[in-house]
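Participant: Attaching a single structure in structure tokens format; questions to follow.
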Amino acid sequence: MEQVLSGQPSTAASTTAELLQAARKHLLFTANRPEIVMASGQGMYIQDTEGRSYIDFVGGWAVNALGHSPAVLREALTEQASRLVLASPAYFNEPMIRFAELLTGISGMDKAFFGSTGAEANECAVKLARKHGALHLDGAYEIITMRNSFHGRTLAMMSATGKQQWESLFEPKVPGFIHVPMGDLDACFSAVSNRTCAIMLELVQGEGGVHAVDEAYLFGLRKICDMYGIALIFDEVQTGLGRTGKLFAWEHYGIKPDIMTLGKGIGGGYPLSATLAVDKFNLFEPGDQGGTYIGQPLGMAVGYAVVRELLDRRLTENAQRQGGYLLGKLRLLESHNLVRNPRGLGLLAAFDMPNELAAKLAARCMELGLLVNVTGESTIRLMPPLIAEQRHIDEMADILTAALLDIS
Ligand code: PMP
């Protein structure tokens with residue numbers, strides 16, 4: 001008890017075994033994690049406390065766009081940290097203004113709001129849509145979202161998300177979200193009523209297994225929104241900022257949203273997100289939206305540096321090129337009877353496996369020095385840093401091939 005009150009750890013955890021024991025003792029359980037502890041990372045590689053190195057095709061969960069510990073991020077952090085860390089959300093600061101200018105400039109949107117997580121950015125988008133409903137659509141508040149979608153883990157975003165496993169979780173849900181099957185325009189049309197203020201979707205369902213939306217369908221959604229004056233919201237938290245081989249996934253379709261959200265890659269690992277909107281949705285009044293850490297200078301300086309670097313190094317084009325190469329490699333593996341339906345857009349790729357073998361494959365890959373992500377029970381997802389080169393993809397494919405042989 002004394003030790004707890006003094007704030008000192010009861011043991012100076014140093015070995016991996018001690019760290020794992022301390023983790024089990026002190027961390028609130030949220031997920032089954034492998035018995036390793038990550039310690040450092042550079043570029044495409046990450047190392048654990050045992051000194052084992054892994055080539056990282058999880059990429060911080062589609063976050064580390066510039067790879068691990070990029071110089072620009074380190075420099076922006078230290079430079080801004082010595083100047084001004086936080087000025088309070090009550091005041092403007094220069095990095096906030098510069099970053100908003102940059103993001104609106106590259107997206108063709110008009111206004112930016114900054115948060116820390118993707119879920120927070122989506123909450124802001126939903127608030128804007130509901131404000132629009134309250135002001136211009138006679139109190140309409142319903143948001144139509146897609147089945148199999150993912151929008152975050154706040155209570156409202158768990159309600160927005162179309163995940164069957166979440167349907168009975170944390171009841172009562174935040175009301176006002178209607179789920180429709182992605183791709184079925186008639187179903188969406190039937191779900192629209194005078195209560196509808198927005199349609200929200202991912203253009204490639206990431207957590208849902210890397211499924212891209214159909215172009216004609218998206219065109220139809222845009223038309224519905226225009227017809228009824230409701231907002232079209234694109235959740236580009238996973239797909240945005242080069243991931244799919246275009247700066248924003250909607251550029252593949254040439255269909256622009258009214259509101260778009262960004263997260264993950266925008267901070268290169270620093271927790272950062274943004275909600276971008278066209279002028280028509282510049283609707284908040286004082287008190288409607290805020291947060292202690294919105295637009296804080298440290299994060300804004302990092303975000304600016306990360307996005308600038310992404311643009312200067314043409315990493316979107318790299319994602320497109322390497323994404324094509326990656327998909328080619330996955331298609332070669334298709335001759336292996338465990339690999340099914342390889343698919344992807346840029347550096348967001350996936351394939352399915354039979355009989356819930358995906359977890360087994362991911363575990364074997366890790367033993368061989370490759371990190372891949374399992375989504376659903378039978379899908380392997382690859383979302384490496386956007387700096388990935390051909391040789392990294394070759395290395396990944398070699399390990400994947402060996403792991404497939406080992407588990408079959
Ligand atoms: N939207 C999408 C499309 C996502 O993929 C995610 C995270 N996987 C989120 C929202 C939530 O982002 P965060 O975990 O940063 O809240």
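FYI, nothing fancy with the structure tokens labels: chains A, B, ... in order, residues from 1 per chain, ligands from 1 as they appear.
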At a cut-off of 8 Å, using only C-alpha atoms, what residues contact A:Val302? Leave out same-chain residues fewer than 6 positions from it and give the result as a ChimeraX atom specification.

Facilitator: /A:73,76-77,267,270

Participant: Could you give me, as JSON lines, every chain A residue with an atom at most 10 Å from ligand 1, plus its closest atom pair and distance in Å to one decimal, counting only C-alpha atoms and all ligand atoms, rows ordered by chain then number?

Facilitator:
{"residue": "A:Trp61", "atom": "CA", "partner": "ligand 1", "partner_atom_place_in_ligand_line": "8 (N)", "distance": 7.1}
{"residue": "A:Ala62", "atom": "CA", "partner": "ligand 1", "partner_atom_place_in_ligand_line": "8 (N)", "distance": 8.1}
{"residue": "A:Val63", "atom": "CA", "partner": "ligand 1", "partner_atom_place_in_ligand_line": "15 (O)", "distance": 9.1}
{"residue": "A:Gly115", "atom": "CA", "partner": "ligand 1", "partner_atom_place_in_ligand_line": "15 (O)", "distance": 9.6}
{"residue": "A:Ser116", "atom": "CA", "partner": "ligand 1", "partner_atom_place_in_ligand_line": "15 (O)", "distance": 7.3}
{"residue": "A:Thr117", "atom": "CA", "partner": "ligand 1", "partner_atom_place_in_ligand_line": "15 (O)", "distance": 3.7}
{"residue": "A:Gly118", "atom": "CA", "partner": "ligand 1", "partner_atom_place_in_ligand_line": "12 (O)", "distance": 3.4}
{"residue": "A:Ala119", "atom": "CA", "partner": "ligand 1", "partner_atom_place_in_ligand_line": "16 (O)", "distance": 3.7}
{"residue": "A:Glu120", "atom": "CA", "partner": "ligand 1", "partner_atom_place_in_ligand_line": "16 (O)", "distance": 6.3}
{"residue": "A:Ala121", "atom": "CA", "partner": "ligand 1", "partner_atom_place_in_ligand_line": "16 (O)", "distance": 8.0}
{"residue": "A:Asn122", "atom": "CA", "partner": "ligand 1", "partner_atom_place_in_ligand_line": "10 (C)", "distance": 7.0}
{"residue": "A:Glu123", "atom": "CA", "partner": "ligand 1", "partner_atom_place_in_ligand_line": "16 (O)", "distance": 9.8}
{"residue": "A:Ser149", "atom": "CA", "partner": "ligand 1", "partner_atom_place_in_ligand_line": "3 (C)", "distance": 7.5}
{"residue": "A:Phe150", "atom": "CA", "partner": "ligand 1", "partner_atom_place_in_ligand_line": "2 (C)", "distance": 5.3}
{"residue": "A:His151", "atom": "CA", "partner": "ligand 1", "partner_atom_place_in_ligand_line": "10 (C)", "distance": 3.8}
{"residue": "A:Gly152", "atom": "CA", "partner": "ligand 1", "partner_atom_place_in_ligand_line": "11 (C)", "distance": 3.7}
{"residue": "A:Arg153", "atom": "CA", "partner": "ligand 1", "partner_atom_place_in_ligand_line": "16 (O)", "distance": 6.3}
{"residue": "A:Thr154", "atom": "CA", "partner": "ligand 1", "partner_atom_place_in_ligand_line": "16 (O)", "distance": 7.7}
{"residue": "A:Met157", "atom": "CA", "partner": "ligand 1", "partner_atom_place_in_ligand_line": "10 (C)", "distance": 8.2}
{"residue": "A:Met158", "atom": "CA", "partner": "ligand 1", "partner_atom_place_in_ligand_line": "11 (C)", "distance": 9.9}
{"residue": "A:Thr161", "atom": "CA", "partner": "ligand 1", "partner_atom_place_in_ligand_line": "1 (N)", "distance": 8.9}
{"residue": "A:Leu201", "atom": "CA", "partner": "ligand 1", "partner_atom_place_in_ligand_line": "3 (C)", "distance": 8.3}
{"residue": "A:Glu202", "atom": "CA", "partner": "ligand 1", "partner_atom_place_in_ligand_line": "3 (C)", "distance": 5.8}
{"residue": "A:Leu203", "atom": "CA", "partner": "ligand 1", "partner_atom_place_in_ligand_line": "3 (C)", "distance": 8.7}
{"residue": "A:Val204", "atom": "CA", "partner": "ligand 1", "partner_atom_place_in_ligand_line": "3 (C)", "distance": 8.1}
{"residue": "A:Gln205", "atom": "CA", "partner": "ligand 1", "partner_atom_place_in_ligand_line": "3 (C)", "distance": 6.7}
{"residue": "A:Gly206", "atom": "CA", "partner": "ligand 1", "partner_atom_place_in_ligand_line": "5 (O)", "distance": 5.6}
{"residue": "A:Glu207", "atom": "CA", "partner": "ligand 1", "partner_atom_place_in_ligand_line": "5 (O)", "distance": 5.8}
{"residue": "A:Gly208", "atom": "CA", "partner": "ligand 1", "partner_atom_place_in_ligand_line": "5 (O)", "distance": 8.8}
{"residue": "A:Phe234", "atom": "CA", "partner": "ligand 1", "partner_atom_place_in_ligand_line": "3 (C)", "distance": 9.0}
{"residue": "A:Asp235", "atom": "CA", "partner": "ligand 1", "partner_atom_place_in_ligand_line": "3 (C)", "distance": 5.6}
{"residue": "A:Glu236", "atom": "CA", "partner": "ligand 1", "partner_atom_place_in_ligand_line": "3 (C)", "distance": 6.0}
{"residue": "A:Val237", "atom": "CA", "partner": "ligand 1", "partner_atom_place_in_ligand_line": "2 (C)", "distance": 4.8}
{"residue": "A:Gln238", "atom": "CA", "partner": "ligand 1", "partner_atom_place_in_ligand_line": "5 (O)", "distance": 4.6}
{"residue": "A:Thr239", "atom": "CA", "partner": "ligand 1", "partner_atom_place_in_ligand_line": "3 (C)", "distance": 7.2}
{"residue": "A:Gly240", "atom": "CA", "partner": "ligand 1", "partner_atom_place_in_ligand_line": "3 (C)", "distance": 9.3}
{"residue": "A:Thr261", "atom": "CA", "partner": "ligand 1", "partner_atom_place_in_ligand_line": "1 (N)", "distance": 8.1}
{"residue": "A:Leu262", "atom": "CA", "partner": "ligand 1", "partner_atom_place_in_ligand_line": "1 (N)", "distance": 8.2}
{"residue": "A:Gly263", "atom": "CA", "partner": "ligand 1", "partner_atom_place_in_ligand_line": "15 (O)", "distance": 6.0}
{"residue": "A:Lys264", "atom": "CA", "partner": "ligand 1", "partner_atom_place_in_ligand_line": "15 (O)", "distance": 6.1}
{"residue": "A:Gly265", "atom": "CA", "partner": "ligand 1", "partner_atom_place_in_ligand_line": "15 (O)", "distance": 9.9}
{"residue": "A:Pro271", "atom": "CA", "partner": "ligand 1", "partner_atom_place_in_ligand_line": "15 (O)", "distance": 7.5}
{"residue": "A:Leu272", "atom": "CA", "partner": "ligand 1", "partner_atom_place_in_ligand_line": "15 (O)", "distance": 7.9}
{"residue": "A:Ser273", "atom": "CA", "partner": "ligand 1", "partner_atom_place_in_ligand_line": "15 (O)", "distance": 7.4}

Participant: What does the distance from atom CA of A:His68 to atom CA of A:Gln320 come to in Å, to one decimal?

Facilitator: 20.3 Å

Participant: To one decimal in Å, tell me the separation between atom CA of A:Ser190 and atom CA of A:Ala249.

Facilitator: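 Between atom CA of A:Ser190 and atom CA of A:Ala249 the gap works out to 26.3 Å.
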
Participant: For A:Gly229, find every residue with an atom within 10 Å (counting only C-alpha atoms), except residues of its own chain fewer than 2 positions away, and show them as a compact mmCIF listing (two decimals) with all heavy atoms, in the first residue's frame.

Facilitator:
# COMPACT_ATOMS: atom_id res chain seq x y z
N HIS A 132 -27.08 20.76 -38.87
CA HIS A 132 -27.68 21.08 -40.17
C HIS A 132 -29.15 20.63 -40.16
O HIS A 132 -30.03 21.38 -40.62
CB HIS A 132 -26.88 20.33 -41.25
CG HIS A 132 -27.48 20.36 -42.60
ND1 HIS A 132 -27.68 21.52 -43.32
CD2 HIS A 132 -27.95 19.34 -43.40
CE1 HIS A 132 -28.22 21.22 -44.48
NE2 HIS A 132 -28.40 19.91 -44.56
N GLY A 133 -29.40 19.46 -39.61
CA GLY A 133 -30.78 18.97 -39.53
C GLY A 133 -31.64 19.88 -38.68
O GLY A 133 -32.78 20.20 -39.04
N HIS A 136 -31.81 23.38 -40.72
CA HIS A 136 -32.30 23.49 -42.10
C HIS A 136 -33.24 22.37 -42.53
O HIS A 136 -33.80 22.42 -43.62
CB HIS A 136 -31.12 23.52 -43.09
CG HIS A 136 -30.11 24.58 -42.77
ND1 HIS A 136 -28.76 24.32 -42.67
CD2 HIS A 136 -30.26 25.91 -42.50
CE1 HIS A 136 -28.12 25.43 -42.36
NE2 HIS A 136 -29.01 26.41 -42.25
N LEU A 137 -33.36 21.31 -41.70
CA LEU A 137 -34.18 20.18 -42.16
C LEU A 137 -35.27 19.83 -41.13
O LEU A 137 -35.56 18.67 -40.89
CB LEU A 137 -33.29 18.95 -42.44
CG LEU A 137 -32.22 19.06 -43.54
CD1 LEU A 137 -31.33 17.82 -43.56
CD2 LEU A 137 -32.89 19.23 -44.91
N THR A 196 -33.93 12.16 -41.83
CA THR A 196 -32.53 11.93 -42.22
C THR A 196 -31.76 13.24 -42.40
O THR A 196 -32.23 14.14 -43.13
CB THR A 196 -32.47 11.15 -43.56
OG1 THR A 196 -33.35 10.04 -43.48
CG2 THR A 196 -31.05 10.68 -43.84
N CYS A 197 -30.60 13.34 -41.76
CA CYS A 197 -29.77 14.54 -41.98
C CYS A 197 -28.45 14.20 -42.65
O CYS A 197 -27.75 15.11 -43.12
CB CYS A 197 -29.52 15.28 -40.66
SG CYS A 197 -28.51 14.37 -39.49
N ALA A 198 -28.06 12.91 -42.72
CA ALA A 198 -26.77 12.58 -43.35
C ALA A 198 -26.68 11.11 -43.71
O ALA A 198 -27.38 10.26 -43.15
CB ALA A 198 -25.62 12.92 -42.40
N LYS A 223 -26.28 11.69 -55.17
CA LYS A 223 -27.54 12.22 -55.76
C LYS A 223 -28.63 12.32 -54.71
O LYS A 223 -29.35 13.32 -54.64
CB LYS A 223 -28.01 11.29 -56.89
CG LYS A 223 -27.55 11.76 -58.24
CD LYS A 223 -28.23 11.00 -59.33
CE LYS A 223 -28.94 11.95 -60.29
NZ LYS A 223 -29.35 11.26 -61.51
N ILE A 224 -28.74 11.28 -53.88
CA ILE A 224 -29.77 11.28 -52.82
C ILE A 224 -29.52 12.49 -51.90
O ILE A 224 -30.45 13.23 -51.55
CB ILE A 224 -29.72 9.97 -51.99
CG1 ILE A 224 -30.17 8.79 -52.84
CG2 ILE A 224 -30.57 10.08 -50.73
CD1 ILE A 224 -30.07 7.43 -52.14
N CYS A 225 -28.26 12.67 -51.53
CA CYS A 225 -27.93 13.77 -50.61
C CYS A 225 -28.26 15.12 -51.23
O CYS A 225 -28.81 16.00 -50.57
CB CYS A 225 -26.45 13.71 -50.21
SG CYS A 225 -26.12 12.32 -49.12
N ASP A 226 -27.92 15.27 -52.51
CA ASP A 226 -28.21 16.54 -53.18
C ASP A 226 -29.71 16.77 -53.29
O ASP A 226 -30.20 17.88 -53.10
CB ASP A 226 -27.57 16.56 -54.58
CG ASP A 226 -26.05 16.62 -54.49
OD1 ASP A 226 -25.53 16.96 -53.40
OD2 ASP A 226 -25.38 16.30 -55.48
N MET A 227 -30.41 15.69 -53.58
CA MET A 227 -31.86 15.79 -53.78
C MET A 227 -32.57 16.25 -52.51
O MET A 227 -33.46 17.08 -52.56
CB MET A 227 -32.37 14.40 -54.17
CG MET A 227 -33.57 14.40 -55.05
SD MET A 227 -33.57 12.90 -56.06
CE MET A 227 -34.09 11.67 -54.91
N ALA A 231 -26.44 15.70 -45.69
CA ALA A 231 -24.98 15.72 -45.78
C ALA A 231 -24.42 14.36 -46.18
O ALA A 231 -24.86 13.32 -45.68
CB ALA A 231 -24.40 16.13 -44.42
N LEU A 232 -23.42 14.40 -47.06
CA LEU A 232 -22.68 13.17 -47.38
C LEU A 232 -21.35 13.24 -46.64
O LEU A 232 -20.55 14.16 -46.86
CB LEU A 232 -22.46 13.07 -48.89
CG LEU A 232 -21.78 11.79 -49.38
CD1 LEU A 232 -22.58 10.54 -49.00
CD2 LEU A 232 -21.58 11.83 -50.91

Participant: Fewer than 3 positions away in the same chain doesn't count, so skip those; otherwise give me all residues within 8 Å of A:Val180, counting only C-alpha atoms, as a PyMOL selection string.

Facilitator: chain A and resi 144-147+184+187-188+191

Participant: Generate the output file for the selected residues, N, CA, C and O atoms, as a PDB file, in the first residue's frame.

Facilitator:
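What follows is the written file selection31.pdb:
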ATOM      1  N   ILE A 144     -27.687   7.768 -41.764  1.00  0.00           N
ATOM      2  CA  ILE A 144     -27.663   6.427 -42.369  1.00  0.00           C
ATOM      3  C   ILE A 144     -26.206   5.993 -42.491  1.00  0.00           C
ATOM      4  O   ILE A 144     -25.372   6.736 -43.033  1.00  0.00           O
ATOM      5  N   THR A 145     -25.871   4.836 -41.933  1.00  0.00           N
ATOM      6  CA  THR A 145     -24.510   4.304 -42.056  1.00  0.00           C
ATOM      7  C   THR A 145     -24.594   2.885 -42.637  1.00  0.00           C
ATOM      8  O   THR A 145     -25.693   2.355 -42.826  1.00  0.00           O
ATOM      9  N   MET A 146     -23.443   2.301 -42.884  1.00  0.00           N
ATOM     10  CA  MET A 146     -23.404   1.015 -43.595  1.00  0.00           C
ATOM     11  C   MET A 146     -23.220  -0.161 -42.641  1.00  0.00           C
ATOM     12  O   MET A 146     -22.487  -0.052 -41.654  1.00  0.00           O
ATOM     13  N   ARG A 147     -23.807  -1.290 -42.993  1.00  0.00           N
ATOM     14  CA  ARG A 147     -23.476  -2.527 -42.282  1.00  0.00           C
ATOM     15  C   ARG A 147     -22.009  -2.847 -42.550  1.00  0.00           C
ATOM     16  O   ARG A 147     -21.484  -2.509 -43.609  1.00  0.00           O
ATOM     17  N   ASP A 184     -26.370  -1.379 -51.817  1.00  0.00           N
ATOM     18  CA  ASP A 184     -27.789  -1.546 -52.154  1.00  0.00           C
ATOM     19  C   ASP A 184     -28.472  -0.171 -52.113  1.00  0.00           C
ATOM     20  O   ASP A 184     -28.919   0.286 -51.059  1.00  0.00           O
ATOM     21  N   ALA A 187     -32.077   0.067 -50.830  1.00  0.00           N
ATOM     22  CA  ALA A 187     -32.191  -0.020 -49.364  1.00  0.00           C
ATOM     23  C   ALA A 187     -31.891   1.338 -48.737  1.00  0.00           C
ATOM     24  O   ALA A 187     -32.569   1.763 -47.794  1.00  0.00           O
ATOM     25  N   CYS A 188     -30.906   2.018 -49.274  1.00  0.00           N
ATOM     26  CA  CYS A 188     -30.557   3.335 -48.723  1.00  0.00           C
ATOM     27  C   CYS A 188     -31.687   4.317 -49.004  1.00  0.00           C
ATOM     28  O   CYS A 188     -32.108   5.068 -48.125  1.00  0.00           O
ATOM     29  N   ALA A 191     -34.446   3.925 -46.731  1.00  0.00           N
ATOM     30  CA  ALA A 191     -34.161   4.334 -45.344  1.00  0.00           C
ATOM     31  C   ALA A 191     -34.210   5.852 -45.159  1.00  0.00           C
ATOM     32  O   ALA A 191     -34.304   6.342 -44.036  1.00  0.00           O
TER      33      ALA A 191
END

Participant: If DSSP is run on the backbone, what residues of stretch 186-344 of chain A are strand (DSSP E)? A reply as a list in words would be ideal.

Facilitator: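 Filtering stretch 186-344 of chain A down to strand (DSSP E) leaves Thr196, Cys197, Ala198, Ile199, Met200, Leu201, Val204, Gln205, His211, Ala212, Ala231, Leu232, Ile233, Phe234, Asp235, Ile259, Met260, Thr261, Leu262, Ser273, Ala274, Thr275, Leu276, Ala277, Arg340, Asn341, Pro342, Arg343 and Gly344 of chain A.
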
Participant: Do you have the atom CA of A:Gly324-atom CA of A:Trp250 distance handy?

Facilitator: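 So the two atoms, atom CA of A:Gly324 and atom CA of A:Trp250, lie 18.4 Å apart.
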
Participant: Which is closer to A:Thr244 than all the others in A:Ala274, A:Ala100, A:Leu386, A:Val374, using only C-alpha atoms?

Facilitator: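 Looking at the shortest contact to A:Thr244, the residue is A:Leu386.
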
Participant: Using only C-alpha atoms, which of A:Ala277, A:Val174, A:Ile233, A:Leu327 sits nearest A:Gln390?

Facilitator: A:Leu327
